[in-house]
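Okay, input-v6.txt now, which holds compact mmCIF, C-alpha atoms:
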# COMPACT_ATOMS: atom_id res chain seq x y z
CA MET A 1 30.89 -6.96 -18.55
CA GLY A 2 31.22 -8.30 -15.03
CA GLU A 3 35.02 -8.16 -14.91
CA GLY A 4 36.35 -6.49 -11.77
CA TYR A 5 33.19 -6.95 -9.72
CA ASP A 6 33.37 -8.28 -6.20
CA LEU A 7 29.71 -8.79 -5.25
CA ARG A 8 30.06 -11.19 -2.36
CA ALA A 9 26.89 -12.92 -1.26
CA GLY A 10 26.30 -13.77 2.39
CA CYS A 11 24.25 -16.41 4.14
CA ALA A 12 22.71 -16.79 7.57
CA GLU A 13 20.02 -18.73 9.38
CA TYR A 14 16.56 -17.30 9.85
CA HIS A 15 15.76 -15.44 13.01
CA ARG A 16 13.98 -17.36 15.77
CA VAL A 17 11.09 -15.32 17.16
CA SER A 18 11.02 -15.04 20.94
CA ARG A 19 8.00 -16.07 23.00
CA ARG A 20 7.41 -12.43 23.89
CA GLY A 21 7.60 -11.38 20.23
CA MET A 22 5.13 -14.08 19.20
CA LEU A 23 2.71 -13.09 21.96
CA ARG A 24 2.79 -9.49 20.90
CA ALA A 25 2.55 -10.25 17.19
CA GLY A 26 -0.42 -12.48 17.86
CA THR A 27 -2.06 -9.89 20.08
CA LEU A 28 -1.76 -7.21 17.41
CA GLY A 29 -3.08 -9.56 14.78
CA VAL A 30 -6.22 -10.07 16.87
CA LEU A 31 -6.56 -6.31 17.25
CA GLY A 32 -6.28 -5.90 13.50
CA PHE A 33 -3.24 -3.63 13.27
CA SER A 34 -0.04 -4.04 11.23
CA LEU A 35 1.57 -0.68 11.95
CA PRO A 36 3.21 -1.43 15.33
CA ASP A 37 5.81 -3.66 13.70
CA LEU A 38 6.81 -0.78 11.48
CA PHE A 39 7.43 1.44 14.50
CA ARG A 40 9.29 -1.10 16.61
CA ALA A 41 12.53 -0.21 14.83
CA GLN A 42 12.48 3.14 16.61
CA GLN A 43 12.97 1.43 19.95
CA ALA A 44 16.70 1.37 20.76
CA GLN A 45 17.96 -2.05 21.76
CA ALA A 46 20.62 -2.45 24.43
CA SER A 47 22.92 -4.04 21.86
CA GLY A 48 21.54 -2.10 18.90
CA PRO A 49 23.18 0.42 16.58
CA GLY A 50 24.41 3.78 17.72
CA GLN A 51 23.37 7.25 16.67
CA PRO A 52 24.36 8.53 13.22
CA ARG A 53 27.95 9.62 12.89
CA SER A 54 28.78 13.28 12.54
CA PHE A 55 29.63 13.16 8.82
CA GLY A 56 25.99 12.66 7.90
CA ARG A 57 24.27 15.88 6.90
CA ALA A 58 21.04 14.42 5.51
CA LYS A 59 18.19 14.21 8.00
CA ARG A 60 15.84 12.69 5.45
CA VAL A 61 16.01 10.96 2.06
CA ILE A 62 13.77 10.91 -1.01
CA VAL A 63 14.56 8.22 -3.57
CA LEU A 64 13.07 8.68 -7.03
CA TRP A 65 12.85 5.05 -8.14
CA MET A 66 12.10 4.70 -11.85
CA GLN A 67 11.71 0.96 -12.26
CA GLY A 68 12.02 -0.57 -15.69
CA GLY A 69 15.21 1.11 -16.87
CA VAL A 70 15.11 4.73 -18.05
CA SER A 71 16.95 5.30 -21.33
CA HIS A 72 20.06 7.37 -20.61
CA HIS A 73 20.49 8.10 -24.33
CA ASP A 74 17.11 9.82 -24.45
CA THR A 75 17.37 11.79 -21.21
CA PHE A 76 20.66 12.75 -19.53
CA ASP A 77 23.35 11.32 -21.83
CA PRO A 78 22.49 12.06 -25.48
CA LYS A 79 24.86 11.01 -28.24
CA PRO A 80 24.21 13.49 -31.08
CA ALA A 81 27.34 12.44 -33.00
CA ALA A 82 26.45 8.74 -32.98
CA PRO A 83 24.78 6.93 -35.91
CA SER A 84 21.01 7.42 -36.17
CA GLU A 85 20.28 3.91 -34.89
CA VAL A 86 22.03 4.94 -31.64
CA ARG A 87 21.27 8.64 -31.18
CA GLY A 88 17.52 8.24 -31.66
CA GLU A 89 14.92 10.89 -32.50
CA PHE A 90 15.39 13.43 -29.70
CA LYS A 91 17.44 16.58 -30.13
CA PRO A 92 20.08 17.62 -27.58
CA ILE A 93 19.65 20.89 -25.68
CA GLY A 94 21.97 22.94 -23.51
CA THR A 95 21.79 22.98 -19.71
CA ARG A 96 22.86 25.36 -16.94
CA LEU A 97 26.23 23.59 -17.04
CA PRO A 98 28.55 24.71 -19.86
CA GLY A 99 29.10 21.99 -22.44
CA VAL A 100 26.60 19.58 -20.84
CA GLN A 101 23.58 18.53 -22.89
CA PHE A 102 20.34 16.72 -22.06
CA THR A 103 17.57 15.89 -24.53
CA GLU A 104 14.76 18.21 -25.53
CA TYR A 105 12.16 16.41 -23.38
CA VAL A 106 13.77 17.25 -20.04
CA PRO A 107 14.13 21.06 -20.45
CA ARG A 108 13.20 21.92 -16.84
CA LEU A 109 15.80 19.56 -15.44
CA ALA A 110 18.30 21.08 -17.87
CA GLN A 111 17.60 24.45 -16.25
CA VAL A 112 18.18 23.13 -12.72
CA ALA A 113 21.22 21.02 -13.60
CA ASP A 114 23.20 23.21 -11.22
CA ARG A 115 21.12 21.81 -8.33
CA PHE A 116 22.22 18.19 -8.73
CA ALA A 117 25.25 16.04 -9.52
CA LEU A 118 24.77 13.75 -12.50
CA ILE A 119 26.62 10.43 -12.74
CA ARG A 120 26.80 9.05 -16.29
CA SER A 121 28.94 5.99 -15.65
CA VAL A 122 26.99 3.70 -13.33
CA THR A 123 27.51 0.10 -14.42
CA HIS A 124 26.82 -3.47 -13.34
CA PRO A 125 26.59 -6.88 -15.05
CA ASP A 126 22.93 -7.93 -14.63
CA PRO A 127 20.44 -7.25 -17.48
CA SER A 128 17.40 -8.78 -15.69
CA HIS A 129 14.92 -6.59 -13.84
CA ASP A 130 14.93 -8.62 -10.63
CA GLY A 131 18.70 -8.99 -10.49
CA ALA A 132 19.37 -5.36 -11.37
CA ASP A 133 16.78 -4.07 -8.89
CA TYR A 134 18.45 -6.13 -6.20
CA LEU A 135 21.92 -4.82 -7.06
CA VAL A 136 20.93 -1.16 -7.21
CA LEU A 137 18.76 -1.14 -4.08
CA LYS A 138 20.82 -3.53 -1.95
CA GLY A 139 24.34 -3.62 -3.39
CA PHE A 140 24.53 -7.43 -3.53
CA ARG A 141 23.78 -10.12 -6.08
CA ALA A 142 20.55 -11.96 -5.41
CA GLN A 143 20.93 -15.41 -3.88
CA ALA A 144 18.22 -18.07 -3.65
CA GLY A 145 16.95 -18.61 -0.14
CA PHE A 146 18.57 -15.49 1.29
CA THR A 147 17.35 -11.91 1.12
CA HIS A 148 19.42 -8.81 1.88
CA PRO A 149 17.74 -5.69 3.23
CA ASP A 150 17.23 -2.75 0.94
CA VAL A 151 18.81 0.65 1.53
CA GLY A 152 15.78 2.05 3.38
CA SER A 153 15.59 -0.87 5.80
CA VAL A 154 19.29 -0.58 6.62
CA LEU A 155 18.87 3.14 7.26
CA LEU A 156 15.86 2.50 9.47
CA HIS A 157 17.86 -0.07 11.42
CA GLU A 158 20.71 2.39 11.96
CA ARG A 159 18.71 5.55 12.59
CA ARG A 160 16.27 6.33 15.41
CA PRO A 161 13.47 8.38 13.89
CA GLU A 162 10.94 10.08 16.11
CA GLY A 163 7.32 11.11 15.82
CA ASP A 164 4.14 9.35 14.82
CA LEU A 165 4.67 9.23 11.06
CA PRO A 166 5.89 5.93 9.56
CA PRO A 167 9.62 6.51 9.07
CA TYR A 168 10.01 4.53 5.81
CA VAL A 169 7.22 5.02 3.26
CA LEU A 170 6.66 3.78 -0.30
CA VAL A 171 4.59 6.17 -2.42
CA PRO A 172 2.34 4.62 -3.50
CA GLY A 173 3.73 1.16 -2.74
CA ASN A 174 1.23 -1.65 -2.98
CA THR A 175 -2.31 -0.68 -3.78
CA TRP A 176 -5.30 -2.95 -3.56
CA SER A 177 -4.92 -3.79 -7.25
CA SER A 178 -1.14 -4.10 -7.44
CA GLY A 179 1.39 -6.43 -5.86
CA ARG A 180 4.52 -4.61 -6.98
CA GLY A 181 7.13 -3.43 -4.56
CA TRP A 182 7.33 -6.31 -2.11
CA ASN A 183 10.33 -7.98 -3.74
CA ARG A 184 12.36 -4.82 -4.24
CA PHE A 185 11.75 -3.10 -0.94
CA GLN A 186 12.00 -5.32 2.10
CA ALA A 187 13.92 -5.85 5.34
CA GLY A 188 15.40 -9.19 4.34
CA TYR A 189 17.42 -10.60 7.24
CA LEU A 190 16.85 -7.49 9.39
CA ARG A 191 13.92 -7.17 11.78
CA ALA A 192 10.52 -7.14 10.09
CA SER A 193 9.95 -3.79 11.79
CA THR A 194 12.37 -2.20 9.31
CA ASN A 195 10.16 -3.07 6.36
CA PRO A 196 8.70 -0.10 4.49
CA TRP A 197 5.15 1.03 5.01
CA HIS A 198 3.21 0.83 1.75
CA MET A 199 0.90 3.81 1.52
CA GLY A 200 -1.61 1.66 -0.31
CA ALA A 201 -3.11 4.42 -2.46
CA ASP A 202 -1.94 6.73 -5.22
CA PRO A 203 -2.10 10.48 -4.44
CA ALA A 204 -2.76 11.16 -8.13
CA ASP A 205 -6.03 9.24 -8.00
CA ALA A 206 -9.39 10.95 -7.62
CA GLY A 207 -10.76 10.32 -4.14
CA PHE A 208 -7.28 9.52 -2.80
CA ARG A 209 -7.47 8.05 0.70
CA VAL A 210 -4.80 6.23 2.73
CA PRO A 211 -6.43 3.12 4.25
CA ASP A 212 -4.33 2.93 7.44
CA ILE A 213 -4.86 6.49 8.69
CA ALA A 214 -8.63 6.54 8.75
CA LEU A 215 -10.96 4.52 10.93
CA GLN A 216 -12.97 1.89 9.13
CA PRO A 217 -16.71 2.64 9.20
CA MET A 218 -17.37 -0.07 11.78
CA LEU A 219 -14.55 1.16 14.07
CA THR A 220 -15.92 4.12 16.02
CA ASP A 221 -13.88 6.29 18.36
CA GLN A 222 -15.51 4.50 21.29
CA ARG A 223 -14.48 1.08 19.96
CA LEU A 224 -10.99 2.38 19.30
CA ASP A 225 -10.74 3.49 22.94
CA ARG A 226 -11.86 0.04 24.08
CA ARG A 227 -9.17 -1.58 21.91
CA ARG A 228 -6.55 0.75 23.36
CA SER A 229 -7.65 -0.27 26.83
CA LEU A 230 -7.56 -3.95 25.85
CA LEU A 231 -4.04 -3.52 24.48
CA GLY A 232 -2.98 -2.07 27.82
CA ASP A 233 -4.45 -5.04 29.69
CA VAL A 234 -2.71 -7.54 27.40
CA ASP A 235 0.59 -5.73 27.66
CA ARG A 236 0.40 -5.81 31.46
CA GLN A 237 -0.21 -9.55 31.35
CA ILE A 238 2.78 -10.07 29.04
CA ARG A 239 5.00 -8.09 31.41
CA ALA A 240 3.76 -10.19 34.30
CA LEU A 241 4.66 -13.38 32.42
CA ASP A 242 8.16 -12.05 31.77
CA ALA A 243 8.71 -10.54 35.21
CA ALA A 244 10.80 -13.45 36.41
CA ALA A 245 13.20 -13.16 33.49
CA THR A 246 13.34 -9.49 32.64
CA ALA A 247 12.63 -6.09 34.13
CA ALA A 248 10.58 -4.98 31.14
CA VAL A 249 8.95 -1.57 31.08
CA PRO A 250 5.81 -0.56 29.22
CA ASP A 251 6.45 -0.43 25.47
CA PRO A 252 4.90 2.76 24.07
CA LEU A 253 5.45 1.69 20.47
CA TYR A 254 2.37 -0.53 20.52
CA TYR A 255 0.20 2.44 21.26
CA ARG A 256 1.41 4.18 18.10
CA ALA A 257 -0.83 1.94 16.02
CA PHE A 258 -3.63 3.88 17.65
CA ASN A 259 -1.82 7.21 17.56
CA ILE A 260 -1.44 7.13 13.79
CA LEU A 261 -5.22 6.96 13.52
CA THR A 262 -5.69 10.00 15.72
CA ALA A 263 -2.55 12.19 15.50
CA PRO A 264 -3.49 15.40 13.65
CA GLN A 265 0.00 15.86 12.19
CA VAL A 266 -0.16 12.42 10.57
CA ARG A 267 -3.49 13.08 8.95
CA ARG A 268 -2.31 16.50 7.79
CA ALA A 269 0.80 14.99 6.16
CA PHE A 270 -1.31 12.70 3.98
CA ASP A 271 -3.98 15.32 3.23
CA ILE A 272 -2.69 16.29 -0.20
CA ALA A 273 -5.97 18.07 -0.93
CA SER A 274 -4.94 20.73 1.58
CA GLU A 275 -2.14 21.83 -0.77
CA SER A 276 -2.91 24.93 -2.78
CA SER A 277 -4.06 24.47 -6.35
CA ALA A 278 -0.99 26.43 -7.46
CA SER A 279 1.32 24.00 -5.69
CA ARG A 280 -0.40 20.93 -7.09
CA ASP A 281 -0.33 22.43 -10.56
CA GLU A 282 3.36 23.29 -10.24
CA TYR A 283 4.24 19.64 -9.58
CA GLY A 284 1.78 18.57 -12.27
CA ARG A 285 -1.54 16.82 -11.80
CA THR A 286 0.11 13.61 -12.92
CA ARG A 287 1.24 10.31 -11.45
CA LEU A 288 4.80 11.47 -10.75
CA GLY A 289 3.82 15.02 -9.94
CA GLN A 290 1.51 14.14 -7.09
CA ARG A 291 3.79 11.38 -5.80
CA CYS A 292 6.69 13.84 -5.58
CA LEU A 293 4.45 16.37 -3.83
CA MET A 294 3.41 13.69 -1.33
CA ALA A 295 7.07 12.80 -0.76
CA ARG A 296 7.84 16.42 0.08
CA ARG A 297 4.89 16.56 2.50
CA LEU A 298 6.01 13.35 4.21
CA VAL A 299 9.64 14.34 4.79
CA GLU A 300 8.47 17.77 5.92
CA ALA A 301 6.24 16.06 8.49
CA GLY A 302 9.06 13.85 9.80
CA ALA A 303 9.42 10.75 7.61
CA THR A 304 13.04 9.59 7.34
CA PHE A 305 13.07 7.68 4.03
CA VAL A 306 10.49 8.07 1.27
CA VAL A 307 10.52 6.26 -2.06
CA VAL A 308 8.65 7.70 -5.04
CA ASP A 309 7.96 4.42 -6.81
CA ASP A 310 7.13 4.33 -10.53
CA ASP A 311 7.31 1.27 -12.78
CA SER A 312 6.55 2.53 -16.27
CA TRP A 313 9.99 2.74 -17.92
CA ASP A 314 10.52 -0.60 -19.67
CA HIS A 315 10.27 0.46 -23.31
CA HIS A 316 11.16 -2.39 -25.65
CA GLY A 317 9.05 -0.92 -28.46
CA THR A 318 7.96 2.48 -29.82
CA ILE A 319 10.15 4.19 -27.24
CA PHE A 320 10.18 7.68 -28.75
CA PRO A 321 6.44 8.42 -29.00
CA THR A 322 6.02 6.82 -25.59
CA LEU A 323 8.74 8.86 -23.88
CA LYS A 324 7.61 12.19 -25.30
CA SER A 325 3.96 11.61 -24.42
CA ASN A 326 2.65 13.55 -21.45
CA ASP A 327 2.62 10.33 -19.42
CA ARG A 328 6.41 9.88 -19.45
CA LEU A 329 9.29 12.36 -19.78
CA PRO A 330 7.28 15.60 -19.58
CA GLN A 331 5.81 14.62 -16.20
CA LEU A 332 9.17 13.33 -14.92
CA ASP A 333 10.79 16.59 -16.01
CA ARG A 334 8.20 18.79 -14.28
CA ALA A 335 7.88 16.70 -11.13
CA PHE A 336 11.59 16.23 -10.38
CA SER A 337 12.60 19.80 -11.16
CA THR A 338 9.74 21.18 -9.06
CA LEU A 339 10.65 18.92 -6.15
CA LEU A 340 14.21 20.26 -6.07
CA LEU A 341 13.10 23.88 -6.32
CA ASP A 342 10.34 23.42 -3.73
CA LEU A 343 12.72 21.84 -1.22
CA GLU A 344 15.15 24.67 -1.87
CA ARG A 345 12.50 27.38 -1.32
CA ARG A 346 11.45 25.77 1.95
CA GLY A 347 15.02 25.60 3.23
CA MET A 348 14.93 21.81 3.22
CA LEU A 349 17.36 20.95 0.42
CA ASP A 350 20.39 21.52 2.67
CA ASP A 351 19.46 18.53 4.83
CA THR A 352 17.26 16.48 2.47
CA LEU A 353 19.02 14.04 0.17
CA VAL A 354 17.32 13.37 -3.17
CA VAL A 355 18.57 10.42 -5.25
CA TYR A 356 17.28 9.50 -8.71
CA LEU A 357 17.75 5.78 -9.41
CA THR A 358 16.84 3.29 -12.09
CA GLU A 359 18.05 -0.30 -12.39
CA PHE A 360 19.83 0.03 -15.74
CA GLY A 361 19.77 1.96 -19.02
CA ARG A 362 18.69 0.88 -22.47
CA THR A 363 20.61 -0.62 -25.39
CA PRO A 364 22.65 1.75 -27.54
CA LYS A 365 21.15 0.37 -30.74
CA ILE A 366 17.44 0.82 -31.37
CA ASN A 367 15.78 -2.55 -31.93
CA GLU A 368 13.44 -3.73 -34.70
CA GLY A 369 10.43 -2.69 -32.64
CA ALA A 370 11.67 0.92 -32.49
CA GLY A 371 12.54 0.48 -28.83
CA ARG A 372 15.57 -0.14 -26.67
CA ASP A 373 16.19 -3.25 -24.58
CA HIS A 374 17.78 -3.75 -21.15
CA TRP A 375 21.36 -2.49 -20.82
CA PRO A 376 23.33 -2.39 -17.53
CA GLY A 377 26.67 -1.53 -19.16
CA ALA A 378 26.26 2.21 -18.52
CA PHE A 379 23.42 4.38 -17.25
CA SER A 380 22.74 7.67 -15.47
CA ILE A 381 21.58 8.64 -11.98
CA PHE A 382 21.79 11.81 -9.90
CA PHE A 383 22.24 13.06 -6.33
CA ALA A 384 20.98 16.39 -4.95
CA GLY A 385 20.83 18.19 -1.61
CA ALA A 386 22.33 17.43 1.80
CA GLY A 387 25.73 18.90 1.02
CA VAL A 388 26.18 17.11 -2.31
CA ARG A 389 28.52 19.00 -4.64
CA ALA A 390 25.95 19.95 -7.25
CA GLY A 391 26.46 21.36 -10.72
CA GLN A 392 28.79 18.67 -12.02
CA VAL A 393 28.84 15.56 -14.19
CA ILE A 394 30.77 12.59 -12.83
CA GLY A 395 32.07 9.99 -15.25
CA SER A 396 31.12 9.51 -18.87
CA SER A 397 29.96 6.76 -21.17
CA ASP A 398 31.63 5.90 -24.46
CA GLU A 399 30.66 7.33 -27.85
CA ILE A 400 27.55 5.13 -28.12
CA GLY A 401 26.61 5.02 -24.43
CA ALA A 402 27.47 1.35 -24.04
CA TYR A 403 30.09 1.31 -21.27
CA PRO A 404 31.86 3.81 -19.04
CA ALA A 405 34.57 5.72 -20.85
CA GLU A 406 35.85 7.03 -17.51
CA ARG A 407 35.09 6.72 -13.81
CA PRO A 408 32.95 3.55 -13.63
CA ILE A 409 30.66 3.61 -10.60
CA ARG A 410 29.16 0.43 -9.10
CA PRO A 411 25.77 0.20 -7.34
CA GLN A 412 27.50 -0.48 -4.00
CA ASP A 413 29.48 2.76 -4.46
CA VAL A 414 26.22 4.65 -4.93
CA LEU A 415 24.82 3.11 -1.74
CA ALA A 416 28.03 3.72 0.21
CA THR A 417 27.78 7.41 -0.69
CA LEU A 418 24.12 7.56 0.29
CA PHE A 419 24.86 5.98 3.67
CA HIS A 420 27.79 8.34 4.21
CA LEU A 421 25.54 11.33 3.58
CA VAL A 422 22.96 10.17 6.14
CA GLY A 423 25.55 9.40 8.81
CA VAL A 424 25.70 5.62 8.51
CA ASP A 425 29.16 4.08 8.24
CA PRO A 426 29.22 2.33 4.83
CA ASP A 427 32.02 0.09 6.07
CA GLY A 428 29.93 -1.03 9.02
CA TYR A 429 27.92 -4.17 9.66
CA VAL A 430 24.36 -5.01 10.59
CA PRO A 431 23.25 -8.17 12.40
CA ALA A 432 21.75 -10.83 10.21
CA ASN A 433 19.57 -13.58 11.63
CA LEU A 434 20.87 -14.95 14.93
CA GLY A 435 23.14 -11.91 15.21
CA ARG A 436 25.66 -12.80 12.52
CA PRO A 437 27.21 -9.56 11.21
CA MET A 438 26.79 -8.72 7.54
CA PRO A 439 28.45 -5.84 5.64
CA ILE A 440 26.23 -2.87 4.88
CA THR A 441 27.49 -2.10 1.38
CA ASN A 442 29.49 -5.11 0.18
CA GLY A 443 32.71 -3.19 -0.29
CA GLY A 444 31.16 0.00 -1.65
CA VAL A 445 33.44 3.03 -1.91
CA ILE A 446 32.25 6.58 -1.24
CA ILE A 447 32.22 8.69 -4.42
CA PRO A 448 34.59 11.50 -3.37
CA GLU A 449 33.48 13.94 -6.07
CA LEU A 450 30.05 14.10 -4.44
CA VAL A 451 31.13 14.82 -0.86
Translate this file's structure into structure tokens.
Amino acid sequence: MGEGYDLRAGCAEYHRVSRRGMLRAGTLGVLGFSLPDLFRAQQAQASGPGQPRSFGRAKRVIVLWMQGGVSHHDTFDPKPAAPSEVRGEFKPIGTRLPGVQFTEYVPRLAQVADRFALIRSVTHPDPSHDGADYLVLKGFRAQAGFTHPDVGSVLLHERRPEGDLPPYVLVPGNTWSSGRGWNRFQAGYLRASTNPWHMGADPADAGFRVPDIALQPMLTDQRLDRRRSLLGDVDRQIRALDAAATAAVPDPLYYRAFNILTAPQVRRAFDIASESSASRDEYGRTRLGQRCLMARRLVEAGATFVVVDDDSWDHHGTIFPTLKSNDRLPQLDRAFSTLLLDLERRGMLDDTLVVYLTEFGRTPKINEGAGRDHWPGAFSIFFAGAGVRAGQVIGSSDEIGAYPAERPIRPQDVLATLFHLVGVDPDGYVPANLGRPMPITNGGVIIPELV
């Protein structure tokens, strides 16, 4: 299965933190804020990356990350002519594209198939969750003791977002009761400031509240003002210590930890309750529905890269009743189709890139537990918006959905195309620890049918 792959792994030493960086990190730790590190990536370095190249049309990106491995047979690549142990229980239905079928449990997406480009021939060799996640989100094979940055961290390193909103957000990311997300989404050898910001709460929950954008009960406005003043005093002392070696100027990024607590536009972006009931109902009052609605609100407010993170797609048993329950395919179908139509109505789809990803598909043959197991040989993803040539199917899988029958696409090719669409050179390099250059996409090739 791995024949023809060239997934070169790199290595580098860990970054040595400067005295100034340690002073500032320590200062912020005392003040009790973690957000400044997330904003530091917006400060252009003298030797840092340039502005996005002109070929990038996407100003913002939404990644629909369905962790666990969505079954391509039972969604976007049905095999009605295959034996029953392969084709499964779901019936095929027509779509807006002549001759293209989906299954009966994604009817809304079938009706907006002309708004996205479906790829049915993504393939890689790793059947493990951790290894496949790493490949799809980073384009490299995992290597012990060395961590590559994910796609969002590379984009944040290369782009210079503006405004008070965190530029790279996981929805929901880690919550107080869940540790998921840290291994898949991280800066790796890039600056820690390019790590994603975990929202820390699920917008589908009753009483939804984002911890980092509201003052804790003991932190009054007056105390916040005193902390802002203290930060100014400490920053002046740091500049005095460095005066002999550098002509440093005040760093406004440290004050954004305070600004996010007070900026009205930030609070409005996360105030999902301010959406009309009709809008919330249209997306669906479900896990994926409200996460997709939040993603739209965040990119509309200025976020650069938002991940809708869902980890409920690993169906080794009883796959068919599970998928057709209201908690799985029906909510995915409603949420994703509504997101595309909503972005289109608001005039945002032309410069917002939407990418549906999962780490692999499921086995062609249904197992003894009436489920499907991990299968990276062939699976489906889609691209929409930002100039993507929509209304087409790229590649195909064989008669049982096991391997590509034509046009095999590797994870690094998917990432190369994403970077191309946001104006980042996929053949470029980013500095690893101690400044050693590392390739962005590990030899990924832009998918020409999409652009």
Handout entry: Separation of atom CA of A:His198 from atom CA of A:Lys138, in Å and rounded to one decimal
Key =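 Going from atom CA of A:His198 over to atom CA of A:Lys138, I get 18.5 Å.
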Handout entry: Atom pair atom CA of A:His129 / atom CA of A:Asp413: separation (Å)
Key =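 The value is 19.7 Å.
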Show me, as CSV, the residues of stretch 305-380 of chain A having an atom within 12 Å of stretch 418-422 of chain A, each with the closest atom pair and its distance in Å, using only C-alpha atoms.
residue,atom,partner,partner_atom,distance
A:Phe305,CA,A:Val422,CA,10.4
A:Asp350,CA,A:Leu421,CA,11.5
A:Asp351,CA,A:Val422,CA,9.2
A:Thr352,CA,A:Val422,CA,9.3
A:Leu353,CA,A:Leu421,CA,7.8
A:Val354,CA,A:Leu418,CA,9.6
A:Val355,CA,A:Leu418,CA,8.3
A:Tyr356,CA,A:Leu418,CA,11.5
A:Leu357,CA,A:Leu418,CA,11.7
Problem - Near-A:Thr318 list (12 Å; all atoms listed in the file; drop same-chain fewer than 2 positions) as a ChimeraX atom specification - result: /A:88-89,314-316,320-325,366-373
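Of the residues under consideration (A:Gly284, A:Arg296, A:Val430, A:Gln67), A:Arg296 shows the shortest atom-to-atom contact distance to A:Arg346 when counting all atoms listed in the file.
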Exercise for the section: Find the distance between atom CA of A:Thr147 and atom CA of A:Asp202 and write it in Å to one decimal. Expected result: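 Between these atoms lies a distance of 27.6 Å.
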Practice task
Find the residues with any atom within 12 Å of (23.4, 8.0, -35.4); use only C-alpha atoms and the coordinates as given in the file, and write the answer as an MDAnalysis selection string.
Solution key: chainID A and resid 73 78:91 364:366 399:401
Practice task
List the residues sitting within 6 Å of (20.2, 16.8, -8.1) in the file's frame, using all atoms listed in the file, as number ranges by chain.
Solution key: A: 115-117, 382-384
Starting from 5 Å padding per side, set up an axis-aligned box that covers all listed atoms of stretch 297-307 of chain A and hand over centre and edge lengths in Å, one decimal, as AutoDock Vina command-line options.
--center_x 9.0 --center_y 12.0 --center_z 3.9 --size_x 18.2 --size_y 21.5 --size_z 21.9
Practice task
Could you give me, as a ChimeraX atom specification, the residues within 10 Å of stretch 63-66 of chain A, counting only C-alpha atoms and dropping anything in the same chain fewer than 6 positions from it?
Solution key: /A:133,137,152,170-171,288,291-292,295,305-314,332,336,353-360,381-383
Practice task
Might you pull out every residue within 8 Å of A:Asn195, with only C-alpha atoms counted and same-chain residues fewer than 6 positions away left off, and present them as a list in words?
Solution key: Leu38, Ser153, Tyr168, Phe185, Gln186 and Ala187 of chain A
Handout entry: Nearest candidate to A:Leu340 (options A:Leu135, A:Ala303, A:Ala273, A:Ala390; using only C-alpha atoms)
Key = A:Ala390
Exercise for the section: Name all residues at most 7 Å from A:Thr123 (count all atoms listed in the file; drop same-chain ones fewer than 6 positions away) and give them as a list in words. Expected result: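 Near neighbours after the sequence-gap exclusion: Pro376, Gly377, Ala378, Phe379, Pro408, Ile409 and Arg410 of chain A.
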Handout entry: Nearby residues (all atoms listed in the file) at most 7 Å from A:Leu450, same-chain spacing under 2 positions excluded, as a PyMOL selection string
Key = chain A and resi 388-389+447-448
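Checking A:Glu282, A:Glu300, A:Glu449, A:Glu104 one by one against A:Val266, counting all atoms listed in the file, you find the shortest gap at A:Glu300.
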Practice task
Would you please work out which residue, of A:Pro107, A:Gly444, A:Gly317, A:Pro167, is nearest to A:Val61 when using all atoms listed in the file?
Solution key: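 Nearest candidate to A:Val61 out of A:Pro107, A:Gly444, A:Gly317, A:Pro167: A:Pro167.
For the choices A:Asp150, A:Glu406, A:Asp333, A:Asp398, the atom-to-atom distance to A:Val136 is smallest for A:Asp150 when using all atoms listed in the file.
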Practice task
Determine the nearest neighbour of A:Phe102 from the options A:Val393, A:Gly131, A:Thr417, A:Gly69, counting all atoms listed in the file.
Solution key: A:Val393
